[in-house]
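Dumped coords-v7.cif below, it's mmCIF, C-alpha atoms:
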data_data
loop_
_atom_site.group_PDB
_atom_site.id
_atom_site.type_symbol
_atom_site.label_atom_id
_atom_site.label_comp_id
_atom_site.auth_asym_id
_atom_site.auth_seq_id
_atom_site.Cartn_x
_atom_site.Cartn_y
_atom_site.Cartn_z
ATOM 1 C CA MET A 1 12.027 -7.597 -14.659
ATOM 2 C CA ASN A 2 9.713 -10.461 -13.708
ATOM 3 C CA ARG A 3 6.186 -10.746 -15.034
ATOM 4 C CA ARG A 4 4.502 -10.098 -11.697
ATOM 5 C CA LEU A 5 6.321 -6.817 -11.184
ATOM 6 C CA ARG A 6 5.655 -5.758 -14.775
ATOM 7 C CA ASN A 7 1.921 -6.423 -14.338
ATOM 8 C CA ALA A 8 1.876 -4.582 -11.013
ATOM 9 C CA LEU A 9 3.560 -1.587 -12.633
ATOM 10 C CA LYS A 10 0.993 -1.645 -15.416
ATOM 11 C CA GLY A 11 -1.765 -1.710 -12.786
ATOM 12 C CA LEU A 12 -0.264 1.338 -11.065
ATOM 13 C CA MET A 13 -0.699 3.345 -14.265
ATOM 14 C CA ASP A 14 -4.422 2.621 -14.371
ATOM 15 C CA PRO A 15 -6.606 5.732 -14.072
ATOM 16 C CA ASP A 16 -9.088 3.826 -11.891
ATOM 17 C CA ILE A 17 -8.244 4.361 -8.199
ATOM 18 C CA LYS A 18 -9.520 0.958 -7.079
ATOM 19 C CA ARG A 19 -7.432 -0.875 -9.667
ATOM 20 C CA ARG A 20 -4.377 1.135 -8.672
ATOM 21 C CA ARG A 21 -4.985 0.221 -5.061
ATOM 22 C CA ARG A 22 -5.289 -3.464 -5.969
ATOM 23 C CA ALA A 23 -2.005 -3.290 -7.916
ATOM 24 C CA MET A 24 -0.213 -1.926 -4.858
ATOM 25 C CA GLU A 25 -0.033 -5.258 -3.040
ATOM 26 C CA PRO A 26 1.892 -7.214 -5.714
ATOM 27 C CA PHE A 27 4.057 -4.148 -6.295
ATOM 28 C CA VAL A 28 4.984 -3.891 -2.603
ATOM 29 C CA ARG A 29 5.616 -7.635 -2.384
ATOM 30 C CA ALA A 30 7.907 -7.535 -5.406
ATOM 31 C CA THR A 31 9.922 -4.487 -4.386
ATOM 32 C CA PHE A 32 9.852 -4.301 -0.588
ATOM 33 C CA GLU A 33 13.137 -6.150 0.068
ATOM 34 C CA ASN A 34 15.106 -4.096 -2.439
ATOM 35 C CA PHE A 35 13.644 -0.765 -1.424
ATOM 36 C CA ILE A 36 14.048 -1.184 2.314
ATOM 37 C CA ARG A 37 17.641 -2.373 1.899
ATOM 38 C CA TYR A 38 18.346 0.626 -0.283
ATOM 39 C CA LEU A 39 16.866 3.033 2.248
ATOM 40 C CA TYR A 40 18.876 1.400 5.021
ATOM 41 C CA ARG A 41 22.004 2.567 3.234
ATOM 42 C CA TYR A 42 21.021 6.175 3.948
ATOM 43 C CA LEU A 43 19.307 5.904 7.319
ATOM 44 C CA GLY A 44 20.767 2.872 9.095
ATOM 45 C CA ASN A 45 17.586 2.613 11.130
ATOM 46 C CA GLU A 46 14.783 0.111 10.527
ATOM 47 C CA VAL A 47 11.985 2.206 12.019
ATOM 48 C CA GLU A 48 12.786 5.265 9.940
ATOM 49 C CA CYS A 49 13.215 3.103 6.833
ATOM 50 C CA GLU A 50 9.695 1.699 7.290
ATOM 51 C CA ASP A 51 8.162 5.135 7.829
ATOM 52 C CA VAL A 52 9.861 6.588 4.769
ATOM 53 C CA LEU A 53 8.979 3.592 2.622
ATOM 54 C CA GLU A 54 5.315 3.800 3.642
ATOM 55 C CA ASP A 55 5.210 7.376 2.347
ATOM 56 C CA VAL A 56 7.144 6.404 -0.788
ATOM 57 C CA TYR A 57 4.580 3.722 -1.681
ATOM 58 C CA ALA A 58 1.691 6.113 -1.018
ATOM 59 C CA ASP A 59 3.375 8.706 -3.274
ATOM 60 C CA ILE A 60 3.775 6.080 -5.998
ATOM 61 C CA TRP A 61 0.102 5.196 -5.658
ATOM 62 C CA GLU A 62 -0.857 8.853 -6.042
ATOM 63 C CA ASN A 63 1.308 9.438 -9.075
ATOM 64 C CA ALA A 64 3.202 6.599 -10.727
ATOM 65 C CA GLU A 65 3.816 8.486 -13.977
ATOM 66 C CA HIS A 66 7.601 8.509 -13.486
ATOM 67 C CA LEU A 67 7.617 4.702 -13.571
ATOM 68 C CA ARG A 68 5.854 4.473 -16.920
ATOM 69 C CA ASN A 69 8.934 3.790 -19.034
ATOM 70 C CA VAL A 70 10.874 1.657 -16.559
ATOM 71 C CA THR A 71 12.129 -1.540 -18.152
ATOM 72 C CA ASN A 72 14.352 -3.230 -15.568
ATOM 73 C CA GLU A 73 14.802 -3.445 -11.805
ATOM 74 C CA ARG A 74 17.903 -1.285 -11.648
ATOM 75 C CA GLU A 75 16.134 1.458 -13.535
ATOM 76 C CA LEU A 76 13.134 1.051 -11.247
ATOM 77 C CA LEU A 77 15.266 1.519 -8.125
ATOM 78 C CA ARG A 78 17.025 4.502 -9.639
ATOM 79 C CA THR A 79 13.762 6.162 -10.682
ATOM 80 C CA VAL A 80 12.090 5.476 -7.348
ATOM 81 C CA TYR A 81 15.098 6.953 -5.534
ATOM 82 C CA LEU A 82 15.260 10.071 -7.685
ATOM 83 C CA TYR A 83 11.540 10.859 -7.816
ATOM 84 C CA TYR A 84 10.089 9.445 -4.608
ATOM 85 C CA MET A 85 12.651 8.377 -1.994
ATOM 86 C CA ARG A 86 14.907 11.414 -2.127
ATOM 87 C CA LYS A 87 12.086 13.813 -1.406
ATOM 88 C CA ARG A 88 11.003 11.771 1.599
ATOM 89 C CA LEU A 89 14.550 11.238 2.854
ATOM 90 C CA ARG A 90 15.092 14.981 2.874
ATOM 91 C CA GLU A 91 12.042 15.414 5.055
ATOM 92 C CA VAL A 92 13.186 12.920 7.694
ATOM 93 C CA TYR A 93 15.487 15.306 9.525
ATOM 94 C CA ARG A 94 13.878 18.561 8.446
ATOM 95 C CA ARG A 95 12.402 19.022 11.915
ATOM 96 C CA ILE A 96 15.784 19.116 13.629
ATOM 97 C CA ASN A 97 17.357 21.254 10.931
ATOM 98 C CA ARG A 98 16.660 24.573 12.673
ATOM 99 C CA HIS A 99 18.883 23.532 15.587
ATOM 100 C CA LEU A 100 21.806 22.529 13.392
ATOM 101 C CA TYR A 101 24.855 24.419 12.251
ATOM 102 C CA LEU A 102 24.984 22.356 9.065
ATOM 103 C CA SER A 103 23.520 24.243 6.105
ATOM 104 C CA GLN A 104 20.340 23.041 4.437
ATOM 105 C CA GLU A 105 22.278 22.101 1.304
ATOM 106 C CA ASP A 106 24.899 20.073 3.212
ATOM 107 C CA LEU A 107 22.205 18.280 5.160
ATOM 108 C CA LYS A 108 20.494 17.386 1.879
ATOM 109 C CA ASN A 109 23.747 16.072 0.463
ATOM 110 C CA LEU A 110 24.441 14.043 3.559
ATOM 111 C CA ILE A 111 21.010 12.448 3.900
ATOM 112 C CA ALA A 112 19.805 12.199 0.313
ATOM 113 C CA PRO A 113 22.710 12.771 -2.084
ATOM 114 C CA ASP A 114 22.781 12.645 -5.850
ATOM 115 C CA LEU A 115 23.381 9.188 -7.219
ATOM 116 C CA GLY A 116 27.042 8.254 -7.551
ATOM 117 C CA VAL A 117 28.506 5.327 -9.487
ATOM 118 C CA LEU A 118 28.373 3.068 -6.429
ATOM 119 C CA GLU A 119 24.829 3.949 -5.538
ATOM 120 C CA ILE A 120 23.204 2.496 -8.627
ATOM 121 C CA LEU A 121 24.795 -0.940 -8.336
ATOM 122 C CA SER A 122 22.779 -3.908 -7.172
ATOM 123 C CA GLN A 123 23.523 -5.524 -3.813
ATOM 124 C CA SER A 124 25.136 -8.609 -5.362
ATOM 125 C CA GLU A 125 27.288 -6.539 -7.729
ATOM 126 C CA LEU A 126 28.425 -4.374 -4.842
ATOM 127 C CA ARG A 127 29.269 -7.331 -2.631
ATOM 128 C CA GLN A 128 31.254 -9.006 -5.357
ATOM 129 C CA THR A 129 33.211 -5.904 -6.331
ATOM 130 C CA LEU A 130 33.831 -4.921 -2.744
ATOM 131 C CA SER A 131 35.331 -8.300 -1.833
ATOM 132 C CA GLN A 132 37.620 -8.074 -4.876
ATOM 133 C CA THR A 133 38.673 -4.541 -3.974
ATOM 134 C CA LEU A 134 39.197 -5.326 -0.289
ATOM 135 C CA SER A 135 41.609 -8.090 -1.256
ATOM 136 C CA ARG A 136 43.785 -5.511 -3.032
ATOM 137 C CA LEU A 137 44.226 -3.403 0.117
ATOM 138 C CA LYS A 138 47.130 -3.693 2.562
ATOM 139 C CA ALA A 139 46.513 -6.247 5.326
ATOM 140 C CA ARG A 140 46.175 -3.630 8.055
ATOM 141 C CA GLU A 141 43.774 -1.496 6.027
ATOM 142 C CA ARG A 142 41.641 -4.492 5.135
ATOM 143 C CA ARG A 143 41.561 -5.679 8.725
ATOM 144 C CA ALA A 144 40.407 -2.252 9.963
ATOM 145 C CA ILE A 145 37.505 -2.201 7.495
ATOM 146 C CA GLU A 146 36.555 -5.820 8.126
ATOM 147 C CA LEU A 147 36.513 -5.312 11.891
ATOM 148 C CA TRP A 148 34.400 -2.190 11.491
ATOM 149 C CA MET A 149 31.974 -4.119 9.288
ATOM 150 C CA GLU A 150 31.751 -6.794 11.966
ATOM 151 C CA GLY A 151 30.322 -4.079 14.194
ATOM 152 C CA MET A 152 33.374 -3.301 16.359
ATOM 153 C CA SER A 153 33.926 0.131 17.896
ATOM 154 C CA ASN A 154 36.988 2.242 17.105
ATOM 155 C CA ARG A 155 38.438 1.427 20.544
ATOM 156 C CA ALA A 156 37.975 -2.318 19.990
ATOM 157 C CA ILE A 157 39.621 -2.041 16.556
ATOM 158 C CA ALA A 158 42.486 -0.077 18.124
ATOM 159 C CA ASN A 159 42.967 -2.841 20.715
ATOM 160 C CA GLU A 160 42.914 -5.471 17.997
ATOM 161 C CA LEU A 161 45.437 -3.619 15.809
ATOM 162 C CA LYS A 162 47.489 -2.565 18.865
ATOM 163 C CA THR A 163 47.313 1.131 18.115
ATOM 164 C CA THR A 164 45.478 4.260 19.280
ATOM 165 C CA VAL A 165 41.884 5.257 18.578
ATOM 166 C CA GLY A 166 43.084 8.355 16.703
ATOM 167 C CA ALA A 167 45.286 6.231 14.451
ATOM 168 C CA VAL A 168 42.372 3.901 13.718
ATOM 169 C CA LYS A 169 40.163 6.851 12.707
ATOM 170 C CA MET A 170 42.865 8.159 10.385
ATOM 171 C CA LEU A 171 43.507 4.677 8.960
ATOM 172 C CA LYS A 172 39.795 4.170 8.307
ATOM 173 C CA PHE A 173 39.428 7.557 6.666
ATOM 174 C CA ARG A 174 42.389 7.002 4.338
ATOM 175 C CA THR A 175 41.239 3.475 3.544
ATOM 176 C CA LEU A 176 37.706 4.626 2.730
ATOM 177 C CA LEU A 177 39.068 7.174 0.270
ATOM 178 C CA LYS A 178 41.378 4.584 -1.245
ATOM 179 C CA LEU A 179 38.495 2.107 -1.586
ATOM 180 C CA LYS A 180 36.300 4.751 -3.168
ATOM 181 C CA ASN A 181 38.952 5.585 -5.749
ATOM 182 C CA MET A 182 39.601 1.926 -6.514
ATOM 183 C CA LEU A 183 35.890 1.178 -6.975
ATOM 184 C CA HIS A 184 35.360 4.329 -8.995
ATOM 185 C CA ASN A 185 38.253 3.481 -11.319
ATOM 186 C CA TYR A 186 36.977 -0.079 -11.641
ATOM 187 C CA TYR A 187 33.584 1.096 -12.886
ATOM 188 C CA THR A 188 34.724 3.987 -15.037
ATOM 189 C CA GLU A 189 37.260 1.712 -16.784
ATOM 190 C CA ASP A 190 34.414 -0.735 -17.508
ATOM 191 C CA MET B 1 40.697 28.229 24.991
ATOM 192 C CA SER B 2 41.402 24.716 23.807
ATOM 193 C CA ASP B 3 40.290 23.628 20.349
ATOM 194 C CA THR B 4 37.641 20.967 20.916
ATOM 195 C CA ASN B 5 36.526 20.763 17.305
ATOM 196 C CA ARG B 6 36.952 17.366 15.713
ATOM 197 C CA GLU B 7 39.266 16.810 12.760
ATOM 198 C CA ILE B 8 37.791 15.637 9.461
ATOM 199 C CA GLN B 9 38.826 11.983 9.999
ATOM 200 C CA GLU B 10 37.186 12.050 13.435
ATOM 201 C CA LEU B 11 34.020 13.515 11.949
ATOM 202 C CA MET B 12 34.050 10.790 9.326
ATOM 203 C CA ALA B 13 34.484 8.078 11.969
ATOM 204 C CA ASP B 14 31.604 9.522 13.996
ATOM 205 C CA TYR B 15 29.343 9.786 10.925
ATOM 206 C CA ALA B 16 30.148 6.186 9.983
ATOM 207 C CA GLY B 17 29.409 5.033 13.533
ATOM 208 C CA ALA B 18 26.142 6.988 13.628
ATOM 209 C CA LEU B 19 25.011 5.540 10.306
ATOM 210 C CA ARG B 20 25.896 2.025 11.422
ATOM 211 C CA ASP B 21 24.000 2.453 14.694
ATOM 212 C CA GLY B 22 21.051 4.250 13.068
ATOM 213 C CA CYS B 23 21.440 7.462 15.055
ATOM 214 C CA ILE B 24 22.273 10.103 12.454
ATOM 215 C CA PRO B 25 20.380 12.853 14.366
ATOM 216 C CA VAL B 26 22.785 12.455 17.304
ATOM 217 C CA PHE B 27 25.711 13.050 14.964
ATOM 218 C CA LEU B 28 23.994 16.018 13.286
ATOM 219 C CA LYS B 29 23.229 17.651 16.625
ATOM 220 C CA SER B 30 26.771 17.117 17.856
ATOM 221 C CA LEU B 31 28.262 19.245 15.055
ATOM 222 C CA THR B 32 29.613 22.636 16.051
ATOM 223 C CA ARG B 33 29.653 25.640 13.750
ATOM 224 C CA GLU B 34 33.347 25.121 13.063
ATOM 225 C CA GLU B 35 32.916 21.415 12.321
ATOM 226 C CA SER B 36 30.024 22.130 9.960
ATOM 227 C CA LYS B 37 32.234 24.522 8.024
ATOM 228 C CA ARG B 38 34.993 21.926 7.975
ATOM 229 C CA ILE B 39 32.612 19.332 6.539
ATOM 230 C CA ALA B 40 31.223 21.726 3.941
ATOM 231 C CA SER B 41 34.690 22.553 2.615
ATOM 232 C CA SER B 42 36.136 19.035 2.622
ATOM 233 C CA ARG B 43 35.899 17.178 -0.682
ATOM 234 C CA GLU B 44 37.421 14.101 0.991
ATOM 235 C CA PHE B 45 34.624 13.944 3.543
ATOM 236 C CA TRP B 46 31.945 13.785 0.846
ATOM 237 C CA ASP B 47 33.898 11.146 -1.071
ATOM 238 C CA ALA B 48 34.218 9.040 2.053
ATOM 239 C CA THR B 49 30.501 9.331 2.913
ATOM 240 C CA GLU B 50 29.606 7.626 -0.362
ATOM 241 C CA MET B 51 31.876 4.734 0.576
ATOM 242 C CA VAL B 52 30.488 4.572 4.106
ATOM 243 C CA ARG B 53 26.956 4.290 2.749
ATOM 244 C CA THR B 54 28.069 1.523 0.427
ATOM 245 C CA LEU B 55 29.708 -0.394 3.283
ATOM 246 C CA ASN B 56 26.618 0.178 5.408
ATOM 247 C CA SER B 57 24.475 -1.339 2.715
ATOM 248 C CA VAL B 58 26.739 -4.349 2.133
ATOM 249 C CA GLY B 59 27.648 -4.982 5.759
ATOM 250 C CA PHE B 60 24.545 -4.170 7.745
ATOM 251 C CA ALA B 61 21.441 -3.885 5.558
ATOM 252 C CA ASP B 62 21.058 -7.674 5.465
ATOM 253 C CA LYS B 63 21.323 -7.943 9.252
ATOM 254 C CA ALA B 64 18.608 -5.354 9.857
ATOM 255 C CA VAL B 65 15.300 -6.650 11.188
ATOM 256 C CA ARG B 66 12.674 -6.617 8.434
ATOM 257 C CA PRO B 67 8.987 -6.173 9.216
ATOM 258 C CA ASP B 68 6.452 -8.717 7.982
ATOM 259 C CA VAL B 69 5.528 -7.751 4.393
ATOM 260 C CA SER B 70 1.817 -8.477 4.879
ATOM 261 C CA LEU B 71 1.675 -6.209 7.917
ATOM 262 C CA PHE B 72 3.566 -3.570 6.030
ATOM 263 C CA ILE B 73 1.139 -3.820 3.099
ATOM 264 C CA SER B 74 -1.764 -3.164 5.469
ATOM 265 C CA ARG B 75 0.081 -0.063 6.735
ATOM 266 C CA VAL B 76 0.541 1.165 3.172
ATOM 267 C CA ASP B 77 -3.116 0.463 2.434
ATOM 268 C CA ALA B 78 -4.197 2.443 5.504
ATOM 269 C CA LYS B 79 -1.989 5.318 4.388
ATOM 270 C CA ILE B 80 -3.525 5.249 0.914
ATOM 271 C CA VAL B 81 -7.044 5.265 2.399
ATOM 272 C CA SER B 82 -6.221 8.211 4.634
ATOM 273 C CA ARG B 83 -4.703 10.146 1.731
ATOM 274 C CA SER B 84 -7.665 9.494 -0.541
ATOM 275 C CA LYS B 85 -10.015 10.636 2.269
ATOM 276 C CA LYS B 86 -7.977 13.789 2.717
ATOM 277 C CA SER B 87 -7.973 14.564 -0.992
ATOM 278 C CA ARG B 88 -11.743 13.959 -1.120
ATOM 279 C CA ALA B 89 -12.261 16.282 1.835
ATOM 280 C CA SER B 90 -10.140 19.044 0.337
ATOM 281 C CA SER B 91 -11.693 18.879 -3.144
ATOM 282 C CA PRO B 92 -14.936 20.912 -3.701
ATOM 283 C CA PRO B 93 -18.205 18.910 -3.645
ATOM 284 C CA PRO B 94 -19.737 18.094 -7.021
ATOM 285 C CA SER B 95 -22.098 20.863 -8.172
ATOM 286 C CA ARG B 96 -25.825 20.035 -8.037
ATOM 287 C CA GLY B 97 -27.147 23.209 -9.629
ATOM 288 C CA LEU B 98 -27.632 26.618 -8.051
ATOM 289 C CA SER B 99 -30.484 25.659 -5.724
ATOM 290 C CA SER B 100 -28.360 23.175 -3.690
ATOM 291 C CA HIS B 101 -26.037 25.899 -2.350
ATOM 292 C CA PRO B 102 -27.679 27.609 0.688
ATOM 293 C CA ARG B 103 -26.229 31.030 -0.019
ATOM 294 C CA LYS B 104 -27.082 30.949 -3.684
ATOM 295 C CA ARG B 105 -30.541 29.582 -2.922
ATOM 296 C CA ALA B 106 -31.242 32.532 -0.595
ATOM 297 C CA LYS B 107 -30.167 34.932 -3.284
ATOM 298 C CA THR B 108 -32.348 33.323 -5.930
ATOM 299 C CA GLN B 109 -35.317 33.238 -3.554
ATOM 300 C CA ARG B 110 -34.799 36.897 -2.789
ATOM 301 C CA ARG B 111 -34.635 37.605 -6.472
ATOM 302 C CA ARG B 112 -37.854 35.651 -7.070
ATOM 303 C CA LYS B 113 -39.658 37.643 -4.327
ATOM 304 C CA THR B 114 -38.699 40.914 -5.850
ATOM 305 C CA THR B 115 -39.919 39.838 -9.227
ATOM 306 C CA ILE B 116 -43.316 38.841 -7.775
ATOM 307 C CA GLN B 117 -43.588 42.188 -5.976
ATOM 308 C CA ASP B 118 -42.664 43.954 -9.144
ATOM 309 C CA ARG B 119 -45.376 42.114 -11.028
ATOM 310 C CA LYS B 120 -47.965 43.088 -8.370
ATOM 311 C CA ARG B 121 -46.949 46.724 -8.663
ATOM 312 C CA ASP B 122 -47.313 46.486 -12.363
#
Structure translated into structure tokens:
Amino acid sequence: MNRRLRNALKGLMDPDIKRRRRAMEPFVRATFENFIRYLYRYLGNEVECEDVLEDVYADIWENAEHLRNVTNERELLRTVYLYYMRKRLREVYRRINRHLYLSQEDLKNLIAPDLGVLEILSQSELRQTLSQTLSRLKARERRAIELWMEGMSNRAIANELKTTVGAVKMLKFRTLLKLKNMLHNYYTED
Amino acid sequence: MSDTNREIQELMADYAGALRDGCIPVFLKSLTREESKRIASSREFWDATEMVRTLNSVGFADKAVRPDVSLFISRVDAKIVSRSKKSRASSPPPSRGLSSHPRKRAKTQRRRKTTIQDRKRD
């Protein structure tokens, strides 16, 4: 953890409100990129990410006690997710919940799940491992995932792979499960 | 009646598309009772969602438009100010002795009057 972030964290623990408020700016500057990218993983929407993050920072300002013993950036992200982000993420779609058939518990798990092995890795670690794992897939499976990550629709992928939309959906689903198992094994073996 | 409920791989594809396009509520609202049950009972679906989130983060989080940090900091600051105002408004005012409270003051005055009257009678 760099010195600036460490000092900002120390400032957030100060009992004086004004000092805590002053410490917020360096803290936001040091963590904004990481936090907003992390939230994007769950929401996929910039506007909602900003709104949630605004509340998360205000919550941290009100009570930063959970961050007292944080020693590195990964731990910081994990703690912020577990104690501040998750609560706010669960509130994002609470308003529409009464019109849904999905149970409250399933909605929670879909929007703000417990942390899995993959969800505590840093962006660079993830990118590196994912490229290694993708190279171990069959050519057709890899192509389907790569095209999807380029932003193509299922129909466009089906045209590219000369197959049906239904087959693409099935291929993607199977490949996602295969990727998940491969990544999970990779990290549990480590 | 034809079965219009989506299969689990179709639900997964639609969830992945919704997450990529940032329109999760549309996906949530599109779920029927049957599909919701199917999702709840499918271990594979939950495994795949973790992977979809990971791909979303690696593939699209960097391409997302970021707001200016300085502007964002001013938003956070405004939020903090509004919260501290709210907490100040909801907390009871600092006590300045009994005489500052109108109700209590009336009571004490009344009490004083009676004591004076009592003294006169005496």
Distance cut-off 6 Å, counting all atoms listed in the file - which residues of chain A neighbour chain B? Return them as a VMD selection string. chain A and resid 37 40 to 41 44 to 45 54 58 101 to 102 149 169 to 170 173 176 to 177 180
Just give me the gap between CA of Leu147 in chain A and CA of Lys172 in chain A in Å, one decimal is fine.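 We find that CA of Leu147 in chain A and CA of Lys172 in chain A lie 10.7 Å from each other.
Between Ser122 in chain A and the candidates A:Asn159, A:Thr175, A:Ser153, A:Asn34, the tightest atom-to-atom separation, counting all atoms listed in the file, involves A:Asn34.
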I need the output of the PyMOL selection byres ((chain A and resi 134) around 12) for this file as a VMD selection string; which residues are they?
(chain A and resid 126 to 133 135 to 146 175 to 176 178 to 180 182 to 183) or (chain B and resid 55)
Expressed in Å, the length from CA of Arg155 in chain A to CA of Thr4 in chain B is 19.6 Å
